[in-house]
Structure formats: structure tokens, C-alpha cells
Amino acid sequence: QLEESGGKLVQAGGSLRLSCAATGFSFDDYNVGWFRQGSRELVCIGRPSAGSTYCADSVKGRFTISRDTAKNTVYLQMNMLKPEDTAVYYCTAGPLYSDHARDYHYWGRGTQVTVSS
């Protein structure tokens with residue numbers, strides 16, 4: 001089970017950190033994906049055990065994934081936010097290091113991020 005938190009209203013240019021806590025499994029054994037909005041647009045994917053991250057061009061250089069092993073929690077750090085980043089953000093986990101939403105088995109309920117201009 002995954003639970004996201006941290007979404008809120010923020011001004012353009014600001015920063016936000018989303019959290020994703022896992023219960024029932026360890027992020028050591030899974031890859032993590034952050035997707036947004038109804039189309040399940042890729043944001044970033046990460047391999048927590050290796051510390052590797054890949055992000056879509058639209059957010060590259062602004063967003064990154066990190067983790068807290070002790071808390072079994074991963075984070076999406078979002079900097080230099082833009083109004084077009086406004087979306088519901090979903091945390092996912094799955095066995096494949098993939099940029100396809102269909103490859104992720106565990107999904108959170110999503111958290112709303114709104115960026116005002």
C-alpha cells in the first residue's frame with residue numbers, strides 16, 4: 001500500500017516535496033514511479049536501491065526523487081514549479097524500471113498540487 005502526502009497550493013517558482021510512504025513491502029525491492037493527472041503522464045522514475053533517477057524532459061533539472069530508508073518513504077522534490085505542473089500526482093511501485101504506468105502494480109490515491117501564476 002502506498003500513501004502520498006504533501007500536495008498543496010504553491011506559487012510559481014516555489015518548491016514542494018511530496019512524500020510516499022509504503023506499507024507491506026520495502027522500496028529496496030521495487031522501483032518507484034511518479035505520474036500525474038488522468039493521463040498518467042510520467043514525471044520521474046527511480047530505483048531506490050541504486051539511487052538512480054530518470055525524469056521526463058518537462059521536469060528534468062527541476063524534480064528529483066530521494067528516499068528515507070528508515071521510514072520506507074520516497075520523496076518527489078519539486079523545484080521551480082510552473083503553473084503547468086498543476087496536477088494530481090501519483091506514487092507507484094513495481095518490479096520494472098519502466099516509464100510506462102501499466103508496469104507499476106502499486107498505486108497511491110494521489111495528492112493534488114496546484115501552482116498559481
# chains A, B, ... in the order shown; residues from 1 in each chain; ligands from 1
$ residues_around --residues "stretch 62-73 of chain A" --least-positions-apart "3" --cutoff "9 Å" --atoms "only C-alpha atoms" --output "list of chain:residue names"
A:Ser19, A:Cys20, A:Ala21, A:Ala22, A:Thr23, A:Phe25, A:Ser26, A:Phe27, A:Asp28, A:Val32, A:Trp34, A:Val43, A:Cys44, A:Ile45, A:Gly46, A:Pro48, A:Gly51, A:Ser52, A:Thr53, A:Tyr54, A:Cys55, A:Ser58, A:Val59, A:Leu76, A:Gln77, A:Met78, A:Asn79, A:Met80, A:Leu81
$ closest_residue --among "A:Tyr97, A:Tyr30, A:Tyr106, A:Tyr75" --to "A:Gly6" --atoms "only C-alpha atoms"
A:Tyr75
$ select_by_dssp --residues "chain A" --states "strand (DSSP E)" --output "ChimeraX atom specification"
/A:2-5,9-11,16-22,31-36,41-47,52-55,63-68,73-78,87-94,106-107,111-116
$ closest_residue --among "A:Ala50, A:Leu96, A:Ala56, A:Val10" --to "A:Arg36" --atoms "only C-alpha atoms"
A:Ala56
$ residues_around --residues "A:Lys8" --least-positions-apart "5" --cutoff "8 Å" --atoms "only C-alpha atoms" --output "PyMOL selection string"
chain A and resi 112-114
$ residues_around --residues "A:Ala87" --least-positions-apart "2" --cutoff "10 Å" --atoms "only C-alpha atoms" --output "list in words"
Gly7, Phe35, Arg36, Gln37, Gly38, Glu41, Pro83, Glu84, Asp85, Tyr89, Tyr90, Gly110, Thr111, Gln112, Val113, Thr114 and Val115 of chain A
$ write_last_selection --atoms "all heavy atoms" --output "compact mmCIF listing (two decimals), in the first residue's frame"
# COMPACT_ATOMS: atom_id res chain seq x y z
N GLY A 7 0.88 17.47 -1.11
CA GLY A 7 0.36 18.33 -2.15
C GLY A 7 -0.38 19.53 -1.56
O GLY A 7 -1.05 19.41 -0.54
N PHE A 35 3.75 9.68 -11.36
CA PHE A 35 2.97 10.05 -12.55
C PHE A 35 1.99 11.13 -12.13
O PHE A 35 1.73 11.33 -10.95
CB PHE A 35 2.22 8.85 -13.10
CG PHE A 35 3.12 7.76 -13.64
CD1 PHE A 35 3.66 6.81 -12.80
CD2 PHE A 35 3.43 7.72 -14.99
CE1 PHE A 35 4.51 5.82 -13.28
CE2 PHE A 35 4.27 6.73 -15.49
CZ PHE A 35 4.81 5.80 -14.63
N ARG A 36 1.44 11.82 -13.12
CA ARG A 36 0.49 12.87 -12.77
C ARG A 36 -0.71 12.92 -13.70
O ARG A 36 -0.64 12.46 -14.83
CB ARG A 36 1.18 14.23 -12.75
CG ARG A 36 1.76 14.71 -14.07
CD ARG A 36 2.56 16.00 -13.83
NE ARG A 36 3.13 16.53 -15.04
CZ ARG A 36 3.96 17.57 -15.08
NH1 ARG A 36 4.31 18.18 -13.95
NH2 ARG A 36 4.45 18.00 -16.23
N GLN A 37 -1.80 13.40 -13.16
CA GLN A 37 -3.05 13.66 -13.85
C GLN A 37 -3.68 12.42 -14.44
O GLN A 37 -3.13 11.31 -14.37
CB GLN A 37 -2.84 14.74 -14.92
CG GLN A 37 -4.07 15.52 -15.26
CD GLN A 37 -4.60 16.34 -14.09
OE1 GLN A 37 -4.21 16.20 -12.93
NE2 GLN A 37 -5.53 17.20 -14.37
N GLY A 38 -4.82 12.57 -15.05
CA GLY A 38 -5.59 11.43 -15.55
C GLY A 38 -4.90 10.63 -16.62
O GLY A 38 -5.13 9.43 -16.75
N GLU A 41 0.65 10.83 -16.97
CA GLU A 41 1.88 11.32 -17.57
C GLU A 41 3.07 11.03 -16.66
O GLU A 41 3.01 11.27 -15.45
CB GLU A 41 1.79 12.83 -17.79
CG GLU A 41 3.06 13.48 -18.31
CD GLU A 41 3.01 14.99 -18.23
OE1 GLU A 41 1.97 15.54 -17.80
OE2 GLU A 41 4.01 15.63 -18.58
N PRO A 83 2.96 26.81 -13.42
CA PRO A 83 1.51 26.54 -13.43
C PRO A 83 1.16 25.24 -14.17
O PRO A 83 0.23 24.55 -13.76
CB PRO A 83 0.93 27.77 -14.12
CG PRO A 83 1.90 28.86 -13.80
CD PRO A 83 3.25 28.19 -13.81
N GLU A 84 1.92 24.90 -15.19
CA GLU A 84 1.63 23.66 -15.93
C GLU A 84 1.98 22.39 -15.17
O GLU A 84 1.66 21.29 -15.62
CB GLU A 84 2.34 23.66 -17.29
CG GLU A 84 3.83 23.95 -17.23
CD GLU A 84 4.14 25.42 -17.52
OE1 GLU A 84 3.42 26.31 -17.00
OE2 GLU A 84 5.13 25.66 -18.25
N ASP A 85 2.60 22.55 -14.01
CA ASP A 85 2.85 21.40 -13.14
C ASP A 85 1.62 21.06 -12.30
O ASP A 85 1.62 20.04 -11.59
CB ASP A 85 4.03 21.68 -12.20
CG ASP A 85 5.35 21.81 -12.93
OD1 ASP A 85 5.58 21.04 -13.90
OD2 ASP A 85 6.15 22.69 -12.56
N TYR A 89 -0.80 14.10 -8.40
CA TYR A 89 0.43 13.32 -8.52
C TYR A 89 0.25 11.97 -7.83
O TYR A 89 -0.22 11.91 -6.69
CB TYR A 89 1.61 14.07 -7.88
CG TYR A 89 2.11 15.19 -8.76
CD1 TYR A 89 1.37 16.35 -8.92
CD2 TYR A 89 3.31 15.08 -9.45
CE1 TYR A 89 1.81 17.38 -9.75
CE2 TYR A 89 3.76 16.09 -10.27
CZ TYR A 89 3.01 17.24 -10.42
OH TYR A 89 3.45 18.25 -11.24
N TYR A 90 0.66 10.92 -8.52
CA TYR A 90 0.52 9.56 -8.02
C TYR A 90 1.89 8.93 -7.81
O TYR A 90 2.76 9.01 -8.68
CB TYR A 90 -0.26 8.70 -9.01
CG TYR A 90 -1.67 9.16 -9.26
CD1 TYR A 90 -1.96 10.05 -10.29
CD2 TYR A 90 -2.72 8.69 -8.47
CE1 TYR A 90 -3.26 10.48 -10.52
CE2 TYR A 90 -4.02 9.11 -8.70
CZ TYR A 90 -4.28 10.00 -9.72
OH TYR A 90 -5.56 10.41 -9.94
N GLY A 110 -3.16 9.50 -4.79
CA GLY A 110 -2.85 10.76 -5.42
C GLY A 110 -2.92 11.93 -4.46
O GLY A 110 -3.64 11.89 -3.45
N THR A 111 -2.17 12.97 -4.77
CA THR A 111 -2.17 14.19 -3.98
C THR A 111 -2.17 15.37 -4.94
O THR A 111 -1.44 15.38 -5.94
CB THR A 111 -0.97 14.24 -3.01
OG1 THR A 111 -1.07 15.38 -2.17
CG2 THR A 111 0.36 14.26 -3.74
N GLN A 112 -3.01 16.37 -4.64
CA GLN A 112 -3.20 17.50 -5.55
C GLN A 112 -2.12 18.55 -5.35
O GLN A 112 -1.89 19.01 -4.23
CB GLN A 112 -4.57 18.13 -5.31
CG GLN A 112 -4.84 19.38 -6.15
CD GLN A 112 -5.03 19.07 -7.62
OE1 GLN A 112 -5.76 18.16 -7.98
NE2 GLN A 112 -4.37 19.84 -8.48
N VAL A 113 -1.49 18.92 -6.45
CA VAL A 113 -0.54 20.03 -6.46
C VAL A 113 -1.12 21.12 -7.36
O VAL A 113 -1.47 20.85 -8.51
CB VAL A 113 0.84 19.60 -6.98
CG1 VAL A 113 1.75 20.81 -7.16
CG2 VAL A 113 1.46 18.58 -6.04
N THR A 114 -1.22 22.31 -6.83
CA THR A 114 -1.72 23.44 -7.60
C THR A 114 -0.69 24.55 -7.56
O THR A 114 -0.26 24.97 -6.48
CB THR A 114 -3.05 23.95 -7.04
OG1 THR A 114 -4.00 22.88 -7.02
CG2 THR A 114 -3.60 25.08 -7.90
N VAL A 115 -0.29 25.01 -8.73
CA VAL A 115 0.72 26.06 -8.84
C VAL A 115 0.04 27.30 -9.43
O VAL A 115 -0.46 27.27 -10.55
CB VAL A 115 1.89 25.64 -9.74
CG1 VAL A 115 2.96 26.74 -9.75
CG2 VAL A 115 2.48 24.32 -9.25
$ atom_distance --atom1 "atom CA of A:Leu42" --atom2 "atom CA of A:Thr92"
10.9 Å
$ closest_residue --among "A:Ala101, A:Leu2, A:Val74, A:Val88" --to "A:Arg17" --atoms "only C-alpha atoms"
A:Val74
$ select_by_dssp --residues "chain A" --states "helix (DSSP H, G or I)" --output "list in words"
Phe27, Asp28, Asp29, Pro83, Glu84, Asp85, Ala101, Arg102 and Asp103 of chain A
$ closest_residue --among "A:Glu3, A:Arg47, A:Leu18, A:Asp29" --to "A:Asp99" --atoms "only C-alpha atoms"
A:Arg47
$ closest_residue --among "A:Gly33, A:Gly108, A:Gly24, A:Gly61" --to "A:Pro95" --atoms "only C-alpha atoms"
A:Gly33
$ decode --residues "stretch 26-42 of chain A" --atoms "all heavy atoms" --output "CSV table (one decimal), in the first residue's frame"
chain,number,residue,atom,x,y,z
A,26,SER,N,9.1,-3.3,0.9
A,26,SER,CA,10.2,-2.3,1.0
A,26,SER,C,10.5,-1.7,-0.3
A,26,SER,O,10.5,-2.4,-1.4
A,26,SER,CB,11.4,-3.1,1.6
A,26,SER,OG,12.6,-2.2,1.5
A,27,PHE,N,10.9,-0.5,-0.3
A,27,PHE,CA,11.3,0.2,-1.6
A,27,PHE,C,12.6,-0.4,-2.0
A,27,PHE,O,13.1,-0.1,-3.2
A,27,PHE,CB,11.4,1.7,-1.4
A,27,PHE,CG,10.1,2.4,-1.5
A,27,PHE,CD1,9.6,3.2,-0.4
A,27,PHE,CD2,9.3,2.3,-2.6
A,27,PHE,CE1,8.4,3.8,-0.5
A,27,PHE,CE2,8.1,3.0,-2.7
A,27,PHE,CZ,7.6,3.7,-1.7
A,28,ASP,N,13.3,-1.1,-1.2
A,28,ASP,CA,14.5,-1.8,-1.6
A,28,ASP,C,14.3,-2.8,-2.7
A,28,ASP,O,15.1,-3.1,-3.5
A,28,ASP,CB,15.2,-2.5,-0.4
A,28,ASP,CG,15.9,-1.6,0.5
A,28,ASP,OD1,16.3,-0.5,0.0
A,28,ASP,OD2,16.2,-2.0,1.6
A,29,ASP,N,13.1,-3.3,-2.7
A,29,ASP,CA,12.7,-4.4,-3.7
A,29,ASP,C,11.9,-3.9,-4.9
A,29,ASP,O,11.6,-4.7,-5.8
A,29,ASP,CB,11.9,-5.4,-2.9
A,29,ASP,CG,12.6,-6.0,-1.8
A,29,ASP,OD1,13.8,-6.2,-1.9
A,29,ASP,OD2,12.0,-6.3,-0.7
A,30,TYR,N,11.6,-2.7,-5.0
A,30,TYR,CA,10.8,-2.1,-6.0
A,30,TYR,C,11.4,-0.9,-6.6
A,30,TYR,O,12.1,-0.1,-6.0
A,30,TYR,CB,9.4,-1.9,-5.6
A,30,TYR,CG,8.6,-3.1,-5.3
A,30,TYR,CD1,8.6,-3.8,-4.1
A,30,TYR,CD2,7.8,-3.7,-6.3
A,30,TYR,CE1,7.9,-4.9,-3.8
A,30,TYR,CE2,7.0,-4.8,-6.1
A,30,TYR,CZ,7.1,-5.5,-4.8
A,30,TYR,OH,6.4,-6.6,-4.6
A,31,ASN,N,11.0,-0.6,-7.9
A,31,ASN,CA,11.2,0.7,-8.5
A,31,ASN,C,10.0,1.6,-8.2
A,31,ASN,O,8.9,1.1,-8.0
A,31,ASN,CB,11.5,0.5,-10.0
A,31,ASN,CG,12.7,-0.4,-10.3
A,31,ASN,OD1,13.8,0.0,-9.9
A,31,ASN,ND2,12.4,-1.6,-10.8
A,32,VAL,N,10.3,2.9,-8.3
A,32,VAL,CA,9.3,3.9,-8.0
A,32,VAL,C,9.0,4.7,-9.2
A,32,VAL,O,9.9,5.1,-9.9
A,32,VAL,CB,9.8,4.8,-6.8
A,32,VAL,CG1,8.8,5.9,-6.6
A,32,VAL,CG2,10.0,3.9,-5.6
A,33,GLY,N,7.7,5.0,-9.3
A,33,GLY,CA,7.4,5.9,-10.4
A,33,GLY,C,6.4,7.0,-9.9
A,33,GLY,O,5.6,6.7,-9.0
A,34,TRP,N,6.7,8.2,-10.3
A,34,TRP,CA,5.7,9.3,-10.0
A,34,TRP,C,5.1,9.7,-11.4
A,34,TRP,O,5.8,10.0,-12.4
A,34,TRP,CB,6.4,10.5,-9.4
A,34,TRP,CG,6.8,10.4,-8.0
A,34,TRP,CD1,8.0,9.9,-7.5
A,34,TRP,CD2,6.0,10.7,-6.9
A,34,TRP,NE1,8.0,9.9,-6.1
A,34,TRP,CE2,6.8,10.4,-5.7
A,34,TRP,CE3,4.7,11.2,-6.7
A,34,TRP,CZ2,6.3,10.6,-4.4
A,34,TRP,CZ3,4.3,11.4,-5.4
A,34,TRP,CH2,5.0,11.1,-4.3
A,35,PHE,N,3.8,9.7,-11.4
A,35,PHE,CA,3.0,10.1,-12.5
A,35,PHE,C,2.0,11.1,-12.1
A,35,PHE,O,1.7,11.3,-11.0
A,35,PHE,CB,2.2,8.8,-13.1
A,35,PHE,CG,3.1,7.8,-13.6
A,35,PHE,CD1,3.7,6.8,-12.8
A,35,PHE,CD2,3.4,7.7,-15.0
A,35,PHE,CE1,4.5,5.8,-13.3
A,35,PHE,CE2,4.3,6.7,-15.5
A,35,PHE,CZ,4.8,5.8,-14.6
A,36,ARG,N,1.4,11.8,-13.1
A,36,ARG,CA,0.5,12.9,-12.8
A,36,ARG,C,-0.7,12.9,-13.7
A,36,ARG,O,-0.6,12.5,-14.8
A,36,ARG,CB,1.2,14.2,-12.7
A,36,ARG,CG,1.8,14.7,-14.1
A,36,ARG,CD,2.6,16.0,-13.8
A,36,ARG,NE,3.1,16.5,-15.0
A,36,ARG,CZ,4.0,17.6,-15.1
A,36,ARG,NH1,4.3,18.2,-13.9
A,36,ARG,NH2,4.5,18.0,-16.2
A,37,GLN,N,-1.8,13.4,-13.2
A,37,GLN,CA,-3.1,13.7,-13.8
A,37,GLN,C,-3.7,12.4,-14.4
A,37,GLN,O,-3.1,11.3,-14.4
A,37,GLN,CB,-2.8,14.7,-14.9
A,37,GLN,CG,-4.1,15.5,-15.3
A,37,GLN,CD,-4.6,16.3,-14.1
A,37,GLN,OE1,-4.2,16.2,-12.9
A,37,GLN,NE2,-5.5,17.2,-14.4
A,38,GLY,N,-4.8,12.6,-15.1
A,38,GLY,CA,-5.6,11.4,-15.5
A,38,GLY,C,-4.9,10.6,-16.6
A,38,GLY,O,-5.1,9.4,-16.7
A,39,SER,N,-4.1,11.3,-17.4
A,39,SER,CA,-3.4,10.6,-18.5
A,39,SER,C,-2.2,9.8,-18.0
A,39,SER,O,-1.5,9.1,-18.8
A,39,SER,CB,-2.9,11.6,-19.6
A,39,SER,OG,-2.0,12.5,-19.0
A,40,ARG,N,-2.0,9.9,-16.7
A,40,ARG,CA,-0.8,9.2,-16.1
A,40,ARG,C,0.5,9.5,-16.8
A,40,ARG,O,1.3,8.7,-17.1
A,40,ARG,CB,-1.1,7.7,-16.1
A,40,ARG,CG,-2.4,7.2,-15.5
A,40,ARG,CD,-2.4,7.5,-14.0
A,40,ARG,NE,-3.7,7.3,-13.4
A,40,ARG,CZ,-4.1,6.2,-12.8
A,40,ARG,NH1,-3.3,5.2,-12.7
A,40,ARG,NH2,-5.3,6.2,-12.2
A,41,GLU,N,0.7,10.8,-17.0
A,41,GLU,CA,1.9,11.3,-17.6
A,41,GLU,C,3.1,11.0,-16.7
A,41,GLU,O,3.0,11.3,-15.5
A,41,GLU,CB,1.8,12.8,-17.8
A,41,GLU,CG,3.1,13.5,-18.3
A,41,GLU,CD,3.0,15.0,-18.2
A,41,GLU,OE1,2.0,15.5,-17.8
A,41,GLU,OE2,4.0,15.6,-18.6
A,42,LEU,N,4.1,10.5,-17.2
A,42,LEU,CA,5.4,10.3,-16.5
A,42,LEU,C,5.9,11.5,-15.9
A,42,LEU,O,6.0,12.6,-16.6
A,42,LEU,CB,6.4,9.6,-17.4
A,42,LEU,CG,7.8,9.5,-16.8
A,42,LEU,CD1,7.8,8.4,-15.6
A,42,LEU,CD2,8.8,9.1,-17.8
